[in-house]
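With PDB, C-alpha atoms and all ligand atoms inside, this is protein.pdb:
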```
ATOM      1  CA  MET A  25     362.091 130.724 173.926
ATOM      2  CA  ASN A  26     359.296 129.631 176.304
ATOM      3  CA  ARG A  27     356.434 127.731 174.701
ATOM      4  CA  PRO A  28     353.511 130.095 174.050
ATOM      5  CA  LYS A  29     350.545 129.346 176.328
ATOM      6  CA  VAL A  30     347.158 129.273 174.608
ATOM      7  CA  VAL A  31     343.717 128.794 176.147
ATOM      8  CA  VAL A  32     340.936 127.922 173.741
ATOM      9  CA  ILE A  33     337.349 128.447 174.872
ATOM     10  CA  GLY A  34     334.947 126.721 172.525
ATOM     11  CA  SER A  35     333.070 123.854 171.023
ATOM     12  CA  ILE A  36     333.870 120.174 170.952
ATOM     13  CA  ASN A  37     331.956 118.185 168.304
ATOM     14  CA  MET A  38     331.927 114.803 166.685
ATOM     15  CA  ASP A  39     332.082 115.458 162.934
ATOM     16  CA  ILE A  40     329.953 113.045 160.932
ATOM     17  CA  VAL A  41     331.519 113.480 157.524
ATOM     18  CA  VAL A  42     329.715 112.237 154.427
ATOM     19  CA  GLU A  43     331.739 112.175 151.208
ATOM     20  CA  THR A  44     329.567 112.563 148.155
ATOM     21  CA  GLY A  45     330.071 113.330 144.455
ATOM     22  CA  ARG A  46     327.755 116.329 144.705
ATOM     23  CA  TYR A  47     325.432 117.999 147.210
ATOM     24  CA  PRO A  48     321.802 116.832 147.302
ATOM     25  CA  GLN A  49     319.101 119.177 145.998
ATOM     26  CA  VAL A  50     316.252 120.083 148.338
ATOM     27  CA  GLY A  51     313.967 117.026 148.620
ATOM     28  CA  GLU A  52     316.479 114.725 146.895
ATOM     29  CA  THR A  53     317.988 111.517 148.326
ATOM     30  CA  LEU A  54     321.518 110.693 147.148
ATOM     31  CA  LEU A  55     323.727 107.673 147.704
ATOM     32  CA  GLY A  56     326.945 108.969 149.270
ATOM     33  CA  ASP A  57     330.408 107.395 148.945
ATOM     34  CA  LYS A  58     331.636 107.145 152.533
ATOM     35  CA  VAL A  59     330.912 108.199 156.124
ATOM     36  CA  SER A  60     333.607 108.958 158.739
ATOM     37  CA  PHE A  61     333.343 109.927 162.410
ATOM     38  CA  ILE A  62     336.107 112.439 163.116
ATOM     39  CA  PRO A  63     336.861 114.651 166.140
ATOM     40  CA  GLY A  64     335.925 118.262 165.370
ATOM     41  CA  GLY A  65     334.309 121.414 166.728
ATOM     42  CA  LYS A  66     335.909 124.792 166.162
ATOM     43  CA  GLY A  67     337.233 124.991 169.727
ATOM     44  CA  ALA A  68     338.708 121.493 169.771
ATOM     45  CA  ASN A  69     340.158 121.906 166.272
ATOM     46  CA  GLN A  70     341.867 125.134 167.279
ATOM     47  CA  ALA A  71     343.196 123.554 170.465
ATOM     48  CA  VAL A  72     344.643 120.561 168.583
ATOM     49  CA  ALA A  73     346.182 122.846 165.961
ATOM     50  CA  ALA A  74     347.741 125.126 168.598
ATOM     51  CA  SER A  75     349.175 122.131 170.434
ATOM     52  CA  ARG A  76     350.623 120.598 167.254
ATOM     53  CA  LEU A  77     352.137 123.974 166.436
ATOM     54  CA  GLY A  78     354.040 123.839 169.711
ATOM     55  CA  ALA A  79     351.906 125.838 172.167
ATOM     56  CA  LYS A  80     351.132 124.661 175.675
ATOM     57  CA  THR A  81     347.372 124.432 175.127
ATOM     58  CA  SER A  82     344.298 124.097 177.340
ATOM     59  CA  ILE A  83     340.640 124.037 176.387
ATOM     60  CA  ILE A  84     337.534 125.117 178.293
ATOM     61  CA  GLY A  85     334.447 123.399 176.873
ATOM     62  CA  ALA A  86     331.759 120.778 177.449
ATOM     63  CA  VAL A  87     330.881 117.305 176.222
ATOM     64  CA  GLY A  88     327.976 114.988 176.971
ATOM     65  CA  ASP A  89     328.199 111.949 179.203
ATOM     66  CA  ASP A  90     328.359 109.649 176.143
ATOM     67  CA  SER A  91     330.748 107.764 173.913
ATOM     68  CA  PHE A  92     331.230 110.664 171.457
ATOM     69  CA  GLY A  93     332.215 112.870 174.408
ATOM     70  CA  ARG A  94     334.763 110.344 175.642
ATOM     71  CA  GLN A  95     336.234 109.961 172.138
ATOM     72  CA  MET A  96     336.531 113.741 171.799
ATOM     73  CA  VAL A  97     338.333 114.089 175.124
ATOM     74  CA  ASP A  98     340.672 111.183 174.235
ATOM     75  CA  SER A  99     341.554 112.853 170.956
ATOM     76  CA  LEU A 100     342.376 116.137 172.722
ATOM     77  CA  VAL A 101     344.537 114.335 175.286
ATOM     78  CA  HIS A 102     346.248 112.347 172.535
ATOM     79  CA  ASN A 103     347.149 115.676 170.903
ATOM     80  CA  GLY A 104     348.669 117.057 174.100
ATOM     81  CA  VAL A 105     345.806 119.398 175.053
ATOM     82  CA  ASN A 106     345.071 119.957 178.763
ATOM     83  CA  VAL A 107     341.395 118.980 179.234
ATOM     84  CA  SER A 108     341.023 119.924 182.914
ATOM     85  CA  GLY A 109     338.627 122.690 181.746
ATOM     86  CA  VAL A 110     336.286 120.291 179.914
ATOM     87  CA  LYS A 111     333.054 119.568 181.731
ATOM     88  CA  GLU A 112     331.076 116.374 181.182
ATOM     89  CA  THR A 113     327.341 116.985 181.409
ATOM     90  CA  SER A 114     324.302 114.736 181.491
ATOM     91  CA  GLN A 115     322.076 117.647 180.392
ATOM     92  CA  ALA A 116     322.784 117.250 176.676
ATOM     93  CA  ALA A 117     324.541 115.007 174.178
ATOM     94  CA  THR A 118     327.982 115.839 172.835
ATOM     95  CA  GLY A 119     327.764 118.367 169.989
ATOM     96  CA  ILE A 120     327.811 117.023 166.472
ATOM     97  CA  ALA A 121     328.450 118.497 163.047
ATOM     98  CA  SER A 122     326.899 116.913 160.001
ATOM     99  CA  ILE A 123     329.350 117.653 157.185
ATOM    100  CA  TYR A 124     329.009 116.990 153.467
ATOM    101  CA  VAL A 125     332.343 116.983 151.649
ATOM    102  CA  SER A 126     332.149 117.214 147.894
ATOM    103  CA  GLN A 127     334.920 118.064 145.404
ATOM    104  CA  GLY A 128     337.163 119.513 148.128
ATOM    105  CA  ASP A 129     334.499 121.821 149.551
ATOM    106  CA  ASN A 130     332.089 121.341 152.428
ATOM    107  CA  SER A 131     328.772 122.378 153.950
ATOM    108  CA  ILE A 132     328.050 121.941 157.643
ATOM    109  CA  VAL A 133     325.103 121.810 160.061
ATOM    110  CA  VAL A 134     326.119 121.953 163.737
ATOM    111  CA  VAL A 135     323.919 120.734 166.596
ATOM    112  CA  PRO A 136     325.652 122.301 169.637
ATOM    113  CA  GLY A 137     324.228 119.981 172.359
ATOM    114  CA  ALA A 138     326.570 120.029 175.381
ATOM    115  CA  ASN A 139     328.471 123.048 174.001
ATOM    116  CA  TYR A 140     325.435 125.153 174.856
ATOM    117  CA  THR A 141     325.457 124.037 178.512
ATOM    118  CA  LEU A 142     328.632 126.054 179.062
ATOM    119  CA  THR A 143     328.022 128.973 181.471
ATOM    120  CA  PRO A 144     329.955 132.044 182.653
ATOM    121  CA  GLY A 145     330.409 130.096 185.917
ATOM    122  CA  ASP A 146     332.409 127.458 184.005
ATOM    123  CA  ILE A 147     334.773 130.203 182.852
ATOM    124  CA  ASP A 148     335.163 131.463 186.445
ATOM    125  CA  ARG A 149     335.837 127.923 187.679
ATOM    126  CA  HIS A 150     338.782 127.677 185.293
ATOM    127  CA  GLU A 151     340.045 131.206 185.697
ATOM    128  CA  ARG A 152     343.497 129.868 186.604
ATOM    129  CA  LEU A 153     343.833 128.598 183.029
ATOM    130  CA  LEU A 154     343.118 132.105 181.745
ATOM    131  CA  ALA A 155     345.479 133.675 184.261
ATOM    132  CA  GLU A 156     348.343 131.359 183.255
ATOM    133  CA  SER A 157     347.884 131.857 179.509
ATOM    134  CA  ASP A 158     349.472 134.312 177.072
ATOM    135  CA  ILE A 159     346.531 134.399 174.700
ATOM    136  CA  VAL A 160     342.854 133.418 174.714
ATOM    137  CA  LEU A 161     341.229 132.111 171.542
ATOM    138  CA  ILE A 162     337.417 132.012 171.294
ATOM    139  CA  GLN A 163     334.828 131.212 168.600
ATOM    140  CA  LEU A 164     331.015 131.326 168.496
ATOM    141  CA  GLU A 165     329.758 127.742 168.763
ATOM    142  CA  ILE A 166     329.142 128.312 172.483
ATOM    143  CA  PRO A 167     326.604 130.769 174.002
ATOM    144  CA  VAL A 168     327.433 134.409 173.252
ATOM    145  CA  PRO A 169     327.052 135.505 176.947
ATOM    146  CA  VAL A 170     329.779 132.973 177.832
ATOM    147  CA  VAL A 171     332.006 134.351 175.072
ATOM    148  CA  GLN A 172     331.391 137.888 176.297
ATOM    149  CA  HIS A 173     332.159 136.956 179.910
ATOM    150  CA  ALA A 174     335.316 135.069 178.929
ATOM    151  CA  ALA A 175     336.616 137.903 176.755
ATOM    152  CA  ARG A 176     335.960 140.452 179.519
ATOM    153  CA  ARG A 177     337.683 138.309 182.197
ATOM    154  CA  ALA A 178     340.632 137.652 179.900
ATOM    155  CA  LYS A 179     341.087 141.389 179.307
ATOM    156  CA  GLU A 180     340.791 142.111 183.047
ATOM    157  CA  LEU A 181     343.616 139.614 183.515
ATOM    158  CA  GLY A 182     345.665 141.466 180.882
ATOM    159  CA  LYS A 183     345.507 138.754 178.219
ATOM    160  CA  THR A 184     345.398 139.064 174.438
ATOM    161  CA  VAL A 185     342.016 137.976 173.067
ATOM    162  CA  VAL A 186     341.465 136.533 169.593
ATOM    163  CA  LEU A 187     337.813 136.189 168.578
ATOM    164  CA  ASN A 188     337.181 134.046 165.532
ATOM    165  CA  PRO A 189     333.542 135.141 165.034
ATOM    166  CA  ALA A 190     332.347 131.908 163.452
ATOM    167  CA  PRO A 191     329.620 131.022 162.814
ATOM    168  CA  ALA A 192     328.281 134.594 162.575
ATOM    169  CA  GLN A 193     326.077 135.536 165.552
ATOM    170  CA  PRO A 194     324.690 138.865 166.717
ATOM    171  CA  LEU A 195     327.283 140.308 169.123
ATOM    172  CA  PRO A 196     326.750 143.084 171.694
ATOM    173  CA  ASP A 197     328.641 146.251 170.731
ATOM    174  CA  GLU A 198     330.337 146.505 174.145
ATOM    175  CA  MET A 199     332.108 143.210 173.516
ATOM    176  CA  PHE A 200     334.351 144.677 170.812
ATOM    177  CA  ASP A 201     336.405 146.580 173.415
ATOM    178  CA  CYS A 202     337.640 143.226 174.667
ATOM    179  CA  ILE A 203     338.806 141.963 171.285
ATOM    180  CA  ASP A 204     342.425 142.331 170.232
ATOM    181  CA  TYR A 205     342.143 140.301 167.019
ATOM    182  CA  PHE A 206     338.808 139.906 165.189
ATOM    183  CA  THR A 207     339.118 137.317 162.403
ATOM    184  CA  PRO A 208     335.974 136.871 160.291
ATOM    185  CA  ASN A 209     335.883 135.292 156.853
ATOM    186  CA  ARG A 210     334.404 137.352 154.004
ATOM    187  CA  THR A 211     330.824 136.189 154.613
ATOM    188  CA  GLU A 212     331.034 136.774 158.352
ATOM    189  CA  LEU A 213     332.531 140.241 157.792
ATOM    190  CA  ALA A 214     329.601 141.058 155.499
ATOM    191  CA  SER A 215     327.200 140.091 158.234
ATOM    192  CA  TYR A 216     329.000 141.882 161.122
ATOM    193  CA  SER A 217     329.628 145.078 159.168
ATOM    194  CA  GLY A 218     326.066 145.073 157.822
ATOM    195  CA  LEU A 219     327.436 145.988 154.382
ATOM    196  CA  GLY A 220     326.959 142.722 152.452
ATOM    197  CA  THR A 221     329.519 140.715 150.492
ATOM    198  CA  GLU A 222     329.779 143.121 147.548
ATOM    199  CA  ALA A 223     330.880 146.035 149.742
ATOM    200  CA  ASP A 224     334.391 147.433 149.754
ATOM    201  CA  LEU A 225     336.593 145.250 151.967
ATOM    202  CA  THR A 226     338.441 148.164 153.587
ATOM    203  CA  GLU A 227     335.196 149.933 154.423
ATOM    204  CA  ALA A 228     333.740 146.789 156.010
ATOM    205  CA  MET A 229     336.888 146.138 158.044
ATOM    206  CA  LEU A 230     337.060 149.759 159.209
ATOM    207  CA  ILE A 231     333.524 149.432 160.575
ATOM    208  CA  MET A 232     334.708 146.587 162.800
ATOM    209  CA  LYS A 233     337.737 148.606 163.909
ATOM    210  CA  HIS A 234     335.508 151.543 164.788
ATOM    211  CA  LYS A 235     333.368 149.199 166.867
ATOM    212  CA  GLY A 236     336.465 148.604 169.002
ATOM    213  CA  ALA A 237     338.336 145.545 167.676
ATOM    214  CA  ARG A 238     342.046 146.460 167.792
ATOM    215  CA  HIS A 239     343.079 144.358 164.789
ATOM    216  CA  VAL A 240     340.759 143.147 162.040
ATOM    217  CA  ILE A 241     341.922 140.280 159.835
ATOM    218  CA  THR A 242     339.663 138.860 157.127
ATOM    219  CA  THR A 243     340.331 135.425 155.681
ATOM    220  CA  LEU A 244     339.685 135.156 151.940
ATOM    221  CA  SER A 245     339.904 131.387 151.294
ATOM    222  CA  SER A 246     342.511 130.535 148.659
ATOM    223  CA  GLU A 247     343.169 134.236 148.015
ATOM    224  CA  GLY A 248     344.817 134.583 151.432
ATOM    225  CA  SER A 249     343.869 137.195 154.005
ATOM    226  CA  ALA A 250     343.665 140.930 154.502
ATOM    227  CA  PHE A 251     344.410 143.123 157.479
ATOM    228  CA  LEU A 252     344.299 146.807 158.304
ATOM    229  CA  ASN A 253     347.762 148.191 158.985
ATOM    230  CA  SER A 254     348.484 150.879 161.583
ATOM    231  CA  SER A 255     347.514 153.635 159.129
ATOM    232  CA  GLY A 256     344.124 151.989 158.493
ATOM    233  CA  LYS A 257     345.173 150.857 154.987
ATOM    234  CA  ILE A 258     344.318 147.363 153.829
ATOM    235  CA  GLN A 259     347.184 144.941 153.212
ATOM    236  CA  LEU A 260     346.787 141.585 151.472
ATOM    237  CA  VAL A 261     348.784 138.523 152.399
ATOM    238  CA  PRO A 262     348.431 135.979 149.589
ATOM    239  CA  GLY A 263     347.486 132.341 150.194
ATOM    240  CA  HIS A 264     349.423 129.341 148.867
ATOM    241  CA  SER A 265     348.489 127.125 146.002
ATOM    242  CA  VAL A 266     348.168 123.512 147.203
ATOM    243  CA  SER A 267     346.136 120.500 146.141
ATOM    244  CA  VAL A 268     342.972 120.654 148.206
ATOM    245  CA  VAL A 269     341.617 117.476 149.804
ATOM    246  CA  ASP A 270     339.305 118.898 152.489
ATOM    247  CA  THR A 271     338.826 122.509 153.593
ATOM    248  CA  THR A 272     337.102 121.571 156.901
ATOM    249  CA  GLY A 273     339.010 123.148 159.765
ATOM    250  CA  ALA A 274     341.207 125.365 157.556
ATOM    251  CA  GLY A 275     339.907 128.480 159.319
ATOM    252  CA  ASP A 276     340.487 126.823 162.690
ATOM    253  CA  CYS A 277     344.071 126.072 161.759
ATOM    254  CA  TYR A 278     344.531 129.668 160.590
ATOM    255  CA  ASN A 279     343.243 131.098 163.876
ATOM    256  CA  ALA A 280     345.286 128.724 166.014
ATOM    257  CA  ALA A 281     348.475 129.461 164.073
ATOM    258  CA  LEU A 282     347.802 133.193 164.294
ATOM    259  CA  ALA A 283     347.342 132.934 168.074
ATOM    260  CA  VAL A 284     350.442 130.775 168.555
ATOM    261  CA  ALA A 285     352.576 133.172 166.514
ATOM    262  CA  ILE A 286     351.268 136.270 168.318
ATOM    263  CA  ALA A 287     351.736 134.624 171.705
ATOM    264  CA  GLY A 288     355.280 133.772 170.598
ATOM    265  CA  GLY A 289     355.983 137.460 169.955
ATOM    266  CA  ALA A 290     355.324 137.780 166.199
ATOM    267  CA  ARG A 291     353.993 141.032 164.771
ATOM    268  CA  THR A 292     350.604 140.952 163.042
ATOM    269  CA  GLU A 293     351.847 140.556 159.462
ATOM    270  CA  GLU A 294     354.376 137.884 160.418
ATOM    271  CA  ALA A 295     351.685 135.995 162.359
ATOM    272  CA  ILE A 296     349.340 136.191 159.347
ATOM    273  CA  ARG A 297     352.049 134.769 157.075
ATOM    274  CA  TYR A 298     352.546 131.891 159.510
ATOM    275  CA  ALA A 299     348.778 131.289 159.683
ATOM    276  CA  SER A 300     348.584 131.236 155.863
ATOM    277  CA  LEU A 301     351.294 128.592 155.669
ATOM    278  CA  ALA A 302     349.707 126.413 158.359
ATOM    279  CA  SER A 303     346.180 126.612 156.938
ATOM    280  CA  ALA A 304     347.414 125.816 153.415
ATOM    281  CA  LEU A 305     348.846 122.577 154.780
ATOM    282  CA  ALA A 306     345.613 121.817 156.686
ATOM    283  CA  VAL A 307     343.557 121.583 153.482
ATOM    284  CA  THR A 308     345.880 118.993 151.941
ATOM    285  CA  LYS A 309     344.644 116.319 154.391
ATOM    286  CA  PHE A 310     341.248 114.832 155.173
ATOM    287  CA  GLY A 311     339.420 115.687 158.433
ATOM    288  CA  ALA A 312     339.496 118.830 160.559
ATOM    289  CA  GLN A 313     341.683 117.812 163.497
ATOM    290  CA  GLU A 314     343.504 115.071 161.642
ATOM    291  CA  GLY A 315     344.663 117.551 159.021
ATOM    292  CA  MET A 316     346.286 119.993 161.465
ATOM    293  CA  PRO A 317     350.020 120.379 160.705
ATOM    294  CA  THR A 318     352.859 120.329 163.233
ATOM    295  CA  SER A 319     355.281 123.238 163.619
ATOM    296  CA  GLU A 320     357.972 121.112 161.895
ATOM    297  CA  GLU A 321     355.670 120.599 158.890
ATOM    298  CA  VAL A 322     355.004 124.338 158.645
ATOM    299  CA  ASP A 323     358.724 125.138 158.887
ATOM    300  CA  SER A 324     359.538 122.604 156.205
ATOM    301  CA  PHE A 325     356.760 123.970 153.920
ATOM    302  CA  LYS A 326     358.179 127.448 154.417
ATOM    303  CA  ARG A 327     361.686 126.247 153.483
ATOM    304  CA  HIS A 328     360.217 124.515 150.435
ATOM    305  CA  LEU A 329     358.570 127.760 149.280
ATOM    306  CA  GLY A 330     361.852 129.599 149.918
ATOM    307  CA  LYS A 331     361.998 133.240 148.952
ATOM    308  CA  PHE A 332     358.370 133.335 147.780
ATOM    309  CA  VAL A 333     357.032 133.525 151.371
TER     310      VAL A 333
HETATM  311  O1  LIG A 401     335.438 124.701 161.509
HETATM  312  C1  LIG A 401     335.152 123.358 161.250
HETATM  313  C2  LIG A 401     334.313 122.801 162.344
HETATM  314  O2  LIG A 401     333.058 123.438 162.326
HETATM  315  C3  LIG A 401     334.009 121.319 162.202
HETATM  316  O3  LIG A 401     334.977 120.501 162.802
HETATM  317  C4  LIG A 401     332.635 121.197 162.809
HETATM  318  O4  LIG A 401     332.618 120.500 164.025
HETATM  319  C5  LIG A 401     332.128 122.619 162.974
HETATM  320  O5  LIG A 401     332.113 122.984 164.271
END
```
Mind turning this structure into structure tokens?
Amino acid sequence: MNRPKVVVIGSINMDIVVETGRYPQVGETLLGDKVSFIPGGKGANQAVAASRLGAKTSIIGAVGDDSFGRQMVDSLVHNGVNVSGVKETSQAATGIASIYVSQGDNSIVVVPGANYTLTPGDIDRHERLLAESDIVLIQLEIPVPVVQHAARRAKELGKTVVLNPAPAQPLPDEMFDCIDYFTPNRTELASYSGLGTEADLTEAMLIMKHKGARHVITTLSSEGSAFLNSSGKIQLVPGHSVSVVDTTGAGDCYNAALAVAIAGGARTEEAIRYASLASALAVTKFGAQEGMPTSEEVDSFKRHLGKFV
């Protein structure tokens, strides 16, 4: 089988990860345990994951003309990602994410910096990457008009578009026509559907389908994920019980694995099962990009689970 070809359009950040026994209260100063500088950004994480999972992967994004930017590009190259679509700008510093990790969970503040200098023109300049791909994977740490333009161009070129709508941003209704797979988490779904987190999951997902997204898949942390089948009924795909080290980037791994599997010809449910396996492995290691599993690791995990998958 040919290697699936994935183009990721999205953010590239330096993650400044502070490990701490607990989160600080408002106005409180805490002594943390450790700080690490780790390549991150939803776009870059998804590109690294897709590449490690065996896809021929390119990224369209932006970094600043600074040492963080150079480190981020090196990390992408080291992971086999084509960076010809990454622009280096002097208009802003490389994006950063300030991440607190405590007891296996995290909270994040992103400062987009160079990611927000990306323009629709940058997408047009790298249209060849879109044209040569099987699938286009986008998130929302870059300007929404760029996302909208990229999704529209990708559809005009006949490509499958996966939008991981994270972090939640107001999206124009007409954009949903361009989305083949819409993959919010539970909180994002609550915000996009307008129904809140206590609402019925099926009802909230149907709202997104009626807006135009062809497939709606909601990730539910350790509980797994849910999708609407062809009859509009909700189906749950359970997650896997693993010992959690760091959940940062788990959603990125899920989306990349989903895209790789779909581009490789898998049906929706099969692709979701693959994404669940990959993202379970991602949380067993520290760091977003560093924790992304290879396709061999996912296959071996699947064999280990045997008939329970
Ligand atoms: O999804 C995790 C990512 O979100 C981190 O790597 C951080 O950079 C933020 O963008």
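Taking only C-alpha atoms into account, the polymer residues that have an atom no farther than 7 Å from (357.9, 122.5, 173.0) are Arg27, Gly78 and Ala79 of chain A.
Using all atoms listed in the file, the residues found no farther than 12 Å from Val41 (chain A), other than those of its own chain fewer than 4 positions away, are Asn37, Gly56, Asp57, Lys58, Val59, Ser60, Phe61, Ile62, Pro63, Gly64, Ile120, Ala121, Ser122, Ile123, Tyr124, Val125, Ser126, Asp129, Asn130, Ser131, Ile132, Val133, Val134, Asp270, Thr272, Phe310, Gly311 and Ala312 of chain A.
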With C-alpha atoms kept, could you save the residues just selected as a PDB file, in the frame of the given file?
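Final output, result.pdb:
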```pdb
ATOM      1  CA  ASN A  37     331.956 118.185 168.304  1.00  0.00           C
ATOM      2  CA  GLY A  56     326.945 108.969 149.270  1.00  0.00           C
ATOM      3  CA  ASP A  57     330.408 107.395 148.945  1.00  0.00           C
ATOM      4  CA  LYS A  58     331.636 107.145 152.533  1.00  0.00           C
ATOM      5  CA  VAL A  59     330.912 108.199 156.124  1.00  0.00           C
ATOM      6  CA  SER A  60     333.607 108.958 158.739  1.00  0.00           C
ATOM      7  CA  PHE A  61     333.343 109.927 162.410  1.00  0.00           C
ATOM      8  CA  ILE A  62     336.107 112.439 163.116  1.00  0.00           C
ATOM      9  CA  PRO A  63     336.861 114.651 166.140  1.00  0.00           C
ATOM     10  CA  GLY A  64     335.925 118.262 165.370  1.00  0.00           C
ATOM     11  CA  ILE A 120     327.811 117.023 166.472  1.00  0.00           C
ATOM     12  CA  ALA A 121     328.450 118.497 163.047  1.00  0.00           C
ATOM     13  CA  SER A 122     326.899 116.913 160.001  1.00  0.00           C
ATOM     14  CA  ILE A 123     329.350 117.653 157.185  1.00  0.00           C
ATOM     15  CA  TYR A 124     329.009 116.990 153.467  1.00  0.00           C
ATOM     16  CA  VAL A 125     332.343 116.983 151.649  1.00  0.00           C
ATOM     17  CA  SER A 126     332.149 117.214 147.894  1.00  0.00           C
ATOM     18  CA  ASP A 129     334.499 121.821 149.551  1.00  0.00           C
ATOM     19  CA  ASN A 130     332.089 121.341 152.428  1.00  0.00           C
ATOM     20  CA  SER A 131     328.772 122.378 153.950  1.00  0.00           C
ATOM     21  CA  ILE A 132     328.050 121.941 157.643  1.00  0.00           C
ATOM     22  CA  VAL A 133     325.103 121.810 160.061  1.00  0.00           C
ATOM     23  CA  VAL A 134     326.119 121.953 163.737  1.00  0.00           C
ATOM     24  CA  ASP A 270     339.305 118.898 152.489  1.00  0.00           C
ATOM     25  CA  THR A 272     337.102 121.571 156.901  1.00  0.00           C
ATOM     26  CA  PHE A 310     341.248 114.832 155.173  1.00  0.00           C
ATOM     27  CA  GLY A 311     339.420 115.687 158.433  1.00  0.00           C
ATOM     28  CA  ALA A 312     339.496 118.830 160.559  1.00  0.00           C
TER      29      ALA A 312
END
```
The PyMOL selection byres (((chain A and resi 198) around 10) and not hetatm) resolved against shown file, as a VMD selection string: chain A and resid 172 176 195 to 197 199 to 202 235 to 236
Result set of the PyMOL selection byres (((chain A and resi 84) around 6) and not hetatm) on the coordinates above, as a list in words: Ile33, Ile83, Gly85, Gly109 and Val110 of chain A
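Of note, CA of His239 (chain A) and CA of Phe251 (chain A) are spaced 7.5 Å apart.
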Computed interatomic separation between CA of Glu151 (chain A) and CA of Ser319 (chain A) (Å):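 One can read the CA of Glu151 (chain A) to CA of Ser319 (chain A) distance as 28.0 Å.
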Could you work out an axis-aligned bounding box for all listed atoms of ligand LIG 401 (chain A), with 8 Å added on each of the six sides, and give its centre and edge lengths in Å to one decimal, as lines of an AutoDock Vina configuration file?
```
center_x = 333.8
center_y = 122.6
center_z = 162.8
size_x = 19.3
size_y = 20.2
size_z = 19.0
```
d(CA of Val50 (chain A), CA of Gln313 (chain A)) in Å: 29.7 Å
Top pick for closest residue to Pro208 (chain A), considering A:Leu77, A:Leu181, A:Val322, A:Ala237 and counting only C-alpha atoms: A:Ala237
Reference answer for the PyMOL selection byres (((chain A and resi 326) around 12) and not hetatm), as a list in words: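 Taken over the shown coordinates, the PyMOL selection byres (((chain A and resi 326) around 12) and not hetatm) returns His264, Arg297, Tyr298, Ala299, Ser300, Leu301, Ala302, Ala304, Leu305, Ser319, Glu320, Glu321, Val322, Asp323, Ser324, Phe325, Arg327, His328, Leu329, Gly330, Lys331, Phe332 and Val333 of chain A.
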Selection near Asn26 (chain A), 12 Å with all atoms listed in the file, sequence-local residues under 6 positions removed, as a list in words: Gly78, Ala79, Lys80, Asp158, Val284, Ala287, Gly288 and Gly289 of chain A
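Proximity to Val30 (chain A) was assessed for A:Ile203, A:Leu154, A:Met96, A:Ala174 counting only C-alpha atoms; the smallest distance is recorded for A:Leu154.
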Long-range neighbours of Gly88 (chain A) as a list in words, 7 Å cut-off, only C-alpha atoms, 3 positions minimum in chain: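 Using only C-alpha atoms, the neighbours found are Gly93, Glu112, Thr113, Ser114, Ala116, Ala117, Thr118 and Ala138 of chain A.
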Exercise: residues within 12 Å of coordinate (347.5, 145.5, 158.4), counting all atoms listed in the file, as a PyMOL selection string: chain A and resi 205+226+229-230+233+238-242+249-261+291-297
